[in-house]
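S.K.: A single structure is presented below for examination.
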Amino acid sequence: MPSSVLFINDITVIIDEADYKDCGRLMKILQAYSPEKNGSYYKVKGTYKELENLSITLSEVRHCSIPATHGPDCQQGEQASTDVKSVDVSGVVMAYIEQKCAEEVRKILGNKFVTETQSGLRTVHNNPSSTVQVTVRQHQVSTYYVPADCVRQRFITFYQRIASDLQVTSVPVGSHDHKELQRRFPHLLFKPSHKKYELTVTGPFVHIARLKEFLLQNTPSSSKSQVHKYPAVTPKSNTSGPSPTHSKDPEDETCPICMEPIATTDKETLQCKHSFCKHCLKTAFDYKPVCPTCGELYGILTGTQPDGGKMDVSQKSSSLPGYERYGTIIIHYTIPSGIQKKEHPNPGQPYEGAARTAYLPDSSEGRKILKLLRQAFNQRLIFTVGRSTTSGRTNAVTWNDIHHKTSIHGGPTHYGYPDPDYLKRVRDELKVKGIE
């Protein structure tokens, strides 16, 4: 499951003093918030409530519209709309989010926004490839508001994180009670299948692996062959031989994947000090070489970016907003069209290529980020094949979860500059993938 949505608690406002008629009064108001000044811009950090109060105070000295508080992906000073363009998303993923991630979504939306999903969501389990439209809408009139497009971008980022680790599979459950399985595996979403004694299960890879292991260990031997029709964690021993005997000593460690005691001869402990059954860990590492408990990376992470792409770099002397002392690095990505492979959503089907342009400041930090992005590109982590969250097209090359600035101007809500925290954020995103 995703970690808590921490960015909603650490919000930043970027304020341009040119928008205010009394700069002296502006500075006096901001002093209590210990602002950082960069040219004509002030950067103020605080909690959602603190910056809401600041926004109301600043509205009295501003030339035009009320400033907009934002998180890491939003720009102050742009007029917000009450609703924005809808997003086409996987119906299966959205159904999981609505039922299992309600608290995380609530933190993203705050108390002034809601998401509206088209009614077809109720029938998506009958058609796993179906899509639904999600719209972010303001439901509470206020003299202060977060831009709706900013909240939309937060939601898209969260959706992508969930979708990247979600599996949908069918499992034979025999005589196991549906409600009991739901109680035992709260992170999974169970739906009836068209086949008797079978359920369609949606959830994170690790939790589905735990479910399959549980079913293998608790299914009569005469029906275990059914389980092997589906990818699953390999049993701890050959089903034709005796099962290993585990001590019931309360000090025995439990494997976080299969939830069974770890036999001494079957234990593997990672450098992060988390221990697992060897075969459970191998199954997890075949999917992704990260610790299933804490997410620490082991080995080199390789993505699903299609082969044959190019990353070209050029420079120009003009600067980006917020980096007036430096020139600009221009990155040109080109991924040609081709045929999907086994790691893609629809193997054997064609996918539509893409050409993208991104910008970095030509500073020492910007050049370091460029080097890291090239490493990520070589490890096939920049792009993937899937559904575009902006155009809604399927079988298309799309950005993966390493964010790029595709515009020079407009601030974070338009994927541009100024955005003082962008280089730090993208460095953190790369670090998670073992690139630093």
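Chain lettering (A, B, ...) mirrors the order of the structure tokens, residue numbering begins at 1 for each chain separately, and ligand numbering begins at 1 in order of display.
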Skipping near chain neighbours, those fewer than 6 positions away, what residues fall within 12 Å of Arg356 in chain A using only C-alpha atoms, listed as a compact mmCIF listing (two decimals) with N, CA, C and O atoms, in the first residue's frame?

M.R.:
# COMPACT_ATOMS: atom_id res chain seq x y z
N GLY A 309 14.88 4.19 -28.43
CA GLY A 309 14.69 5.62 -28.20
C GLY A 309 15.99 6.39 -28.17
O GLY A 309 17.08 5.83 -28.05
N LYS A 310 15.89 7.71 -28.28
CA LYS A 310 17.05 8.59 -28.25
C LYS A 310 16.81 9.73 -27.26
O LYS A 310 15.69 10.20 -27.10
N MET A 311 17.89 10.15 -26.62
CA MET A 311 17.86 11.30 -25.70
C MET A 311 18.95 12.27 -26.17
O MET A 311 20.14 12.03 -25.97
N ASP A 312 18.55 13.35 -26.80
CA ASP A 312 19.47 14.35 -27.32
C ASP A 312 19.42 15.59 -26.43
O ASP A 312 18.34 15.98 -25.94
N VAL A 313 20.57 16.23 -26.26
CA VAL A 313 20.68 17.39 -25.37
C VAL A 313 21.31 18.56 -26.10
O VAL A 313 22.27 18.40 -26.87
N ILE A 330 18.21 21.84 -22.85
CA ILE A 330 17.02 21.33 -23.54
C ILE A 330 17.23 19.85 -23.82
O ILE A 330 18.21 19.45 -24.46
N ILE A 331 16.30 19.02 -23.34
CA ILE A 331 16.37 17.58 -23.56
C ILE A 331 15.30 17.19 -24.58
O ILE A 331 14.12 17.50 -24.39
N HIS A 332 15.71 16.51 -25.64
CA HIS A 332 14.77 16.02 -26.65
C HIS A 332 14.72 14.49 -26.56
O HIS A 332 15.72 13.82 -26.82
N TYR A 333 13.56 13.97 -26.19
CA TYR A 333 13.36 12.52 -26.16
C TYR A 333 12.58 12.09 -27.40
O TYR A 333 11.60 12.73 -27.78
N THR A 334 13.00 10.99 -27.99
CA THR A 334 12.26 10.41 -29.12
C THR A 334 12.15 8.90 -28.91
O THR A 334 13.17 8.21 -28.78
N ILE A 335 10.93 8.42 -28.86
CA ILE A 335 10.67 6.97 -28.74
C ILE A 335 9.84 6.57 -29.96
O ILE A 335 8.70 7.01 -30.11
N PRO A 336 10.39 5.75 -30.88
CA PRO A 336 9.64 5.37 -32.07
C PRO A 336 8.50 4.41 -31.77
O PRO A 336 8.51 3.71 -30.74
N ILE A 382 12.42 6.20 -17.92
CA ILE A 382 11.78 7.50 -18.17
C ILE A 382 10.37 7.32 -18.75
O ILE A 382 9.44 8.04 -18.38
N PHE A 383 10.21 6.37 -19.65
CA PHE A 383 8.92 6.16 -20.32
C PHE A 383 8.43 4.73 -20.10
O PHE A 383 9.18 3.85 -19.68
N VAL A 397 3.15 5.48 -25.77
CA VAL A 397 4.30 5.76 -24.91
C VAL A 397 3.94 6.92 -23.99
O VAL A 397 3.47 7.97 -24.45
N THR A 398 4.11 6.73 -22.70
CA THR A 398 3.76 7.75 -21.72
C THR A 398 4.93 7.95 -20.76
O THR A 398 5.82 7.11 -20.64
N TRP A 399 4.92 9.11 -20.07
CA TRP A 399 5.90 9.33 -19.02
C TRP A 399 5.73 8.27 -17.94
O TRP A 399 4.62 7.84 -17.64
N HIS A 404 9.18 15.67 -15.31
CA HIS A 404 9.96 16.56 -16.15
C HIS A 404 9.25 17.90 -16.31
O HIS A 404 8.03 17.97 -16.22
N LYS A 405 10.04 18.93 -16.56
CA LYS A 405 9.49 20.25 -16.89
C LYS A 405 9.40 20.36 -18.41
O LYS A 405 10.40 20.49 -19.10
N THR A 406 8.17 20.30 -18.92
CA THR A 406 7.97 20.33 -20.37
C THR A 406 7.61 21.72 -20.88
O THR A 406 7.32 21.89 -22.06
N SER A 407 7.61 22.71 -19.99
CA SER A 407 7.31 24.08 -20.36
C SER A 407 8.32 25.01 -19.68
O SER A 407 8.79 24.72 -18.58

S.K.: Find the residues near Ile108 in chain A: any atom within 7 Å, counting only C-alpha atoms, skip ones fewer than 4 places away on the same chain, and give them as a PyMOL selection string.

M.R.: chain A and resi 8+104+151+154-155

S.K.: Output the selection as a CSV table (one decimal), in the first residue's frame - C-alpha atoms for each residue.

M.R.:
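Result saved to selection36.csv:
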chain,number,residue,atom,x,y,z
A,8,ILE,CA,-0.3,17.8,1.7
A,104,GLU,CA,-5.3,9.0,1.0
A,151,VAL,CA,-5.4,19.1,-7.0
A,154,ARG,CA,-1.8,15.6,-7.2
A,155,PHE,CA,-4.5,13.0,-7.9

S.K.: What lies within 12 Å of Thr117 in chain A using only C-alpha atoms, ignoring chain neighbours under 3 positions off, as a PDB file with N, CA, C and O atoms, in the first residue's frame?

M.R.:
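Generated file (out_22.pdb):
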ATOM      1  N   SER A  86     -11.444  16.399 -17.295  1.00  0.00           N
ATOM      2  CA  SER A  86     -11.529  15.077 -16.690  1.00  0.00           C
ATOM      3  C   SER A  86     -10.324  14.230 -17.086  1.00  0.00           C
ATOM      4  O   SER A  86      -9.647  14.498 -18.079  1.00  0.00           O
ATOM      5  N   VAL A  87     -10.063  13.199 -16.301  1.00  0.00           N
ATOM      6  CA  VAL A  87      -8.948  12.297 -16.533  1.00  0.00           C
ATOM      7  C   VAL A  87      -9.502  10.917 -16.851  1.00  0.00           C
ATOM      8  O   VAL A  87     -10.350  10.397 -16.125  1.00  0.00           O
ATOM      9  N   ASP A  88      -9.048  10.304 -17.938  1.00  0.00           N
ATOM     10  CA  ASP A  88      -9.435   8.938 -18.269  1.00  0.00           C
ATOM     11  C   ASP A  88      -8.511   7.980 -17.528  1.00  0.00           C
ATOM     12  O   ASP A  88      -7.281   8.023 -17.708  1.00  0.00           O
ATOM     13  N   VAL A  89      -9.080   7.126 -16.690  1.00  0.00           N
ATOM     14  CA  VAL A  89      -8.280   6.202 -15.889  1.00  0.00           C
ATOM     15  C   VAL A  89      -8.850   4.796 -16.010  1.00  0.00           C
ATOM     16  O   VAL A  89      -9.984   4.596 -16.466  1.00  0.00           O
ATOM     17  N   SER A  90      -8.067   3.833 -15.602  1.00  0.00           N
ATOM     18  CA  SER A  90      -8.528   2.443 -15.578  1.00  0.00           C
ATOM     19  C   SER A  90      -9.661   2.294 -14.566  1.00  0.00           C
ATOM     20  O   SER A  90      -9.535   2.710 -13.416  1.00  0.00           O
ATOM     21  N   GLY A  91     -10.758   1.708 -15.012  1.00  0.00           N
ATOM     22  CA  GLY A  91     -11.881   1.509 -14.107  1.00  0.00           C
ATOM     23  C   GLY A  91     -11.525   0.592 -12.948  1.00  0.00           C
ATOM     24  O   GLY A  91     -11.967   0.800 -11.819  1.00  0.00           O
ATOM     25  N   MET A  94      -9.399   2.566 -10.451  1.00  0.00           N
ATOM     26  CA  MET A  94     -10.197   3.570  -9.756  1.00  0.00           C
ATOM     27  C   MET A  94     -11.127   2.906  -8.744  1.00  0.00           C
ATOM     28  O   MET A  94     -11.344   3.437  -7.640  1.00  0.00           O
ATOM     29  N   ALA A  95     -11.677   1.760  -9.092  1.00  0.00           N
ATOM     30  CA  ALA A  95     -12.533   1.046  -8.138  1.00  0.00           C
ATOM     31  C   ALA A  95     -11.734   0.658  -6.896  1.00  0.00           C
ATOM     32  O   ALA A  95     -12.226   0.758  -5.767  1.00  0.00           O
ATOM     33  N   ILE A  97      -9.006   2.239  -5.767  1.00  0.00           N
ATOM     34  CA  ILE A  97      -8.687   3.467  -5.035  1.00  0.00           C
ATOM     35  C   ILE A  97      -9.878   3.919  -4.194  1.00  0.00           C
ATOM     36  O   ILE A  97      -9.731   4.290  -3.025  1.00  0.00           O
ATOM     37  N   GLU A  98     -11.073   3.891  -4.770  1.00  0.00           N
ATOM     38  CA  GLU A  98     -12.248   4.377  -4.049  1.00  0.00           C
ATOM     39  C   GLU A  98     -12.571   3.512  -2.836  1.00  0.00           C
ATOM     40  O   GLU A  98     -13.047   4.016  -1.813  1.00  0.00           O
ATOM     41  N   VAL A 114     -13.911  17.550  -4.430  1.00  0.00           N
ATOM     42  CA  VAL A 114     -14.364  16.170  -4.528  1.00  0.00           C
ATOM     43  C   VAL A 114     -13.982  15.653  -5.911  1.00  0.00           C
ATOM     44  O   VAL A 114     -13.724  16.427  -6.835  1.00  0.00           O
ATOM     45  N   GLY A 120     -20.291   4.272 -14.733  1.00  0.00           N
ATOM     46  CA  GLY A 120     -19.859   2.972 -15.236  1.00  0.00           C
ATOM     47  C   GLY A 120     -18.883   2.256 -14.337  1.00  0.00           C
ATOM     48  O   GLY A 120     -18.557   1.090 -14.544  1.00  0.00           O
ATOM     49  N   LEU A 121     -18.390   2.920 -13.284  1.00  0.00           N
ATOM     50  CA  LEU A 121     -17.424   2.313 -12.387  1.00  0.00           C
ATOM     51  C   LEU A 121     -17.978   1.054 -11.728  1.00  0.00           C
ATOM     52  O   LEU A 121     -17.233   0.146 -11.384  1.00  0.00           O
ATOM     53  N   ARG A 122     -19.268   0.979 -11.551  1.00  0.00           N
ATOM     54  CA  ARG A 122     -19.857  -0.166 -10.844  1.00  0.00           C
ATOM     55  C   ARG A 122     -19.747  -1.463 -11.636  1.00  0.00           C
ATOM     56  O   ARG A 122     -19.872  -2.545 -11.083  1.00  0.00           O
ATOM     57  N   THR A 131     -12.428   1.942 -19.143  1.00  0.00           N
ATOM     58  CA  THR A 131     -11.924   3.160 -18.511  1.00  0.00           C
ATOM     59  C   THR A 131     -13.100   3.993 -18.006  1.00  0.00           C
ATOM     60  O   THR A 131     -14.237   3.834 -18.457  1.00  0.00           O
ATOM     61  N   VAL A 132     -12.807   4.852 -17.062  1.00  0.00           N
ATOM     62  CA  VAL A 132     -13.809   5.774 -16.531  1.00  0.00           C
ATOM     63  C   VAL A 132     -13.199   7.173 -16.513  1.00  0.00           C
ATOM     64  O   VAL A 132     -11.980   7.334 -16.561  1.00  0.00           O
ATOM     65  N   GLN A 133     -14.048   8.170 -16.442  1.00  0.00           N
ATOM     66  CA  GLN A 133     -13.597   9.551 -16.376  1.00  0.00           C
ATOM     67  C   GLN A 133     -13.741  10.085 -14.959  1.00  0.00           C
ATOM     68  O   GLN A 133     -14.776   9.917 -14.329  1.00  0.00           O
ATOM     69  N   VAL A 134     -12.669  10.707 -14.472  1.00  0.00           N
ATOM     70  CA  VAL A 134     -12.668  11.291 -13.139  1.00  0.00           C
ATOM     71  C   VAL A 134     -12.462  12.796 -13.267  1.00  0.00           C
ATOM     72  O   VAL A 134     -11.559  13.249 -13.985  1.00  0.00           O
ATOM     73  N   THR A 135     -13.317  13.571 -12.612  1.00  0.00           N
ATOM     74  CA  THR A 135     -13.223  15.030 -12.641  1.00  0.00           C
ATOM     75  C   THR A 135     -13.054  15.555 -11.227  1.00  0.00           C
ATOM     76  O   THR A 135     -13.750  15.134 -10.311  1.00  0.00           O
ATOM     77  N   VAL A 136     -12.096  16.475 -11.063  1.00  0.00           N
ATOM     78  CA  VAL A 136     -11.908  17.151  -9.780  1.00  0.00           C
ATOM     79  C   VAL A 136     -12.773  18.403  -9.780  1.00  0.00           C
ATOM     80  O   VAL A 136     -12.709  19.214 -10.706  1.00  0.00           O
ATOM     81  N   ARG A 137     -13.600  18.544  -8.745  1.00  0.00           N
ATOM     82  CA  ARG A 137     -14.533  19.666  -8.718  1.00  0.00           C
ATOM     83  C   ARG A 137     -14.574  20.301  -7.329  1.00  0.00           C
ATOM     84  O   ARG A 137     -14.534  19.609  -6.317  1.00  0.00           O
TER      85      ARG A 137
END

S.K.: Could you give me, as a Markdown table, a per-residue list for range 358-412 of chain A showing, wherever an atom lies at most 8 Å from an atom of range 298-307 of chain A, the closest pair of atoms and their distance in Å to one decimal, using only C-alpha atoms and sorting by chain then residue number from low to high?

M.R.:
| residue | atom | partner | partner_atom | distance |
| --- | --- | --- | --- | --- |
| A:Gln379 | CA | A:Thr302 | CA | 5.1 |
| A:Arg380 | CA | A:Gln305 | CA | 4.5 |
| A:Leu381 | CA | A:Gly303 | CA | 4.6 |
| A:Ile382 | CA | A:Gln305 | CA | 6.8 |
| A:Phe383 | CA | A:Gln305 | CA | 4.9 |
| A:Thr384 | CA | A:Gln305 | CA | 4.5 |
| A:Val385 | CA | A:Gln305 | CA | 7.0 |
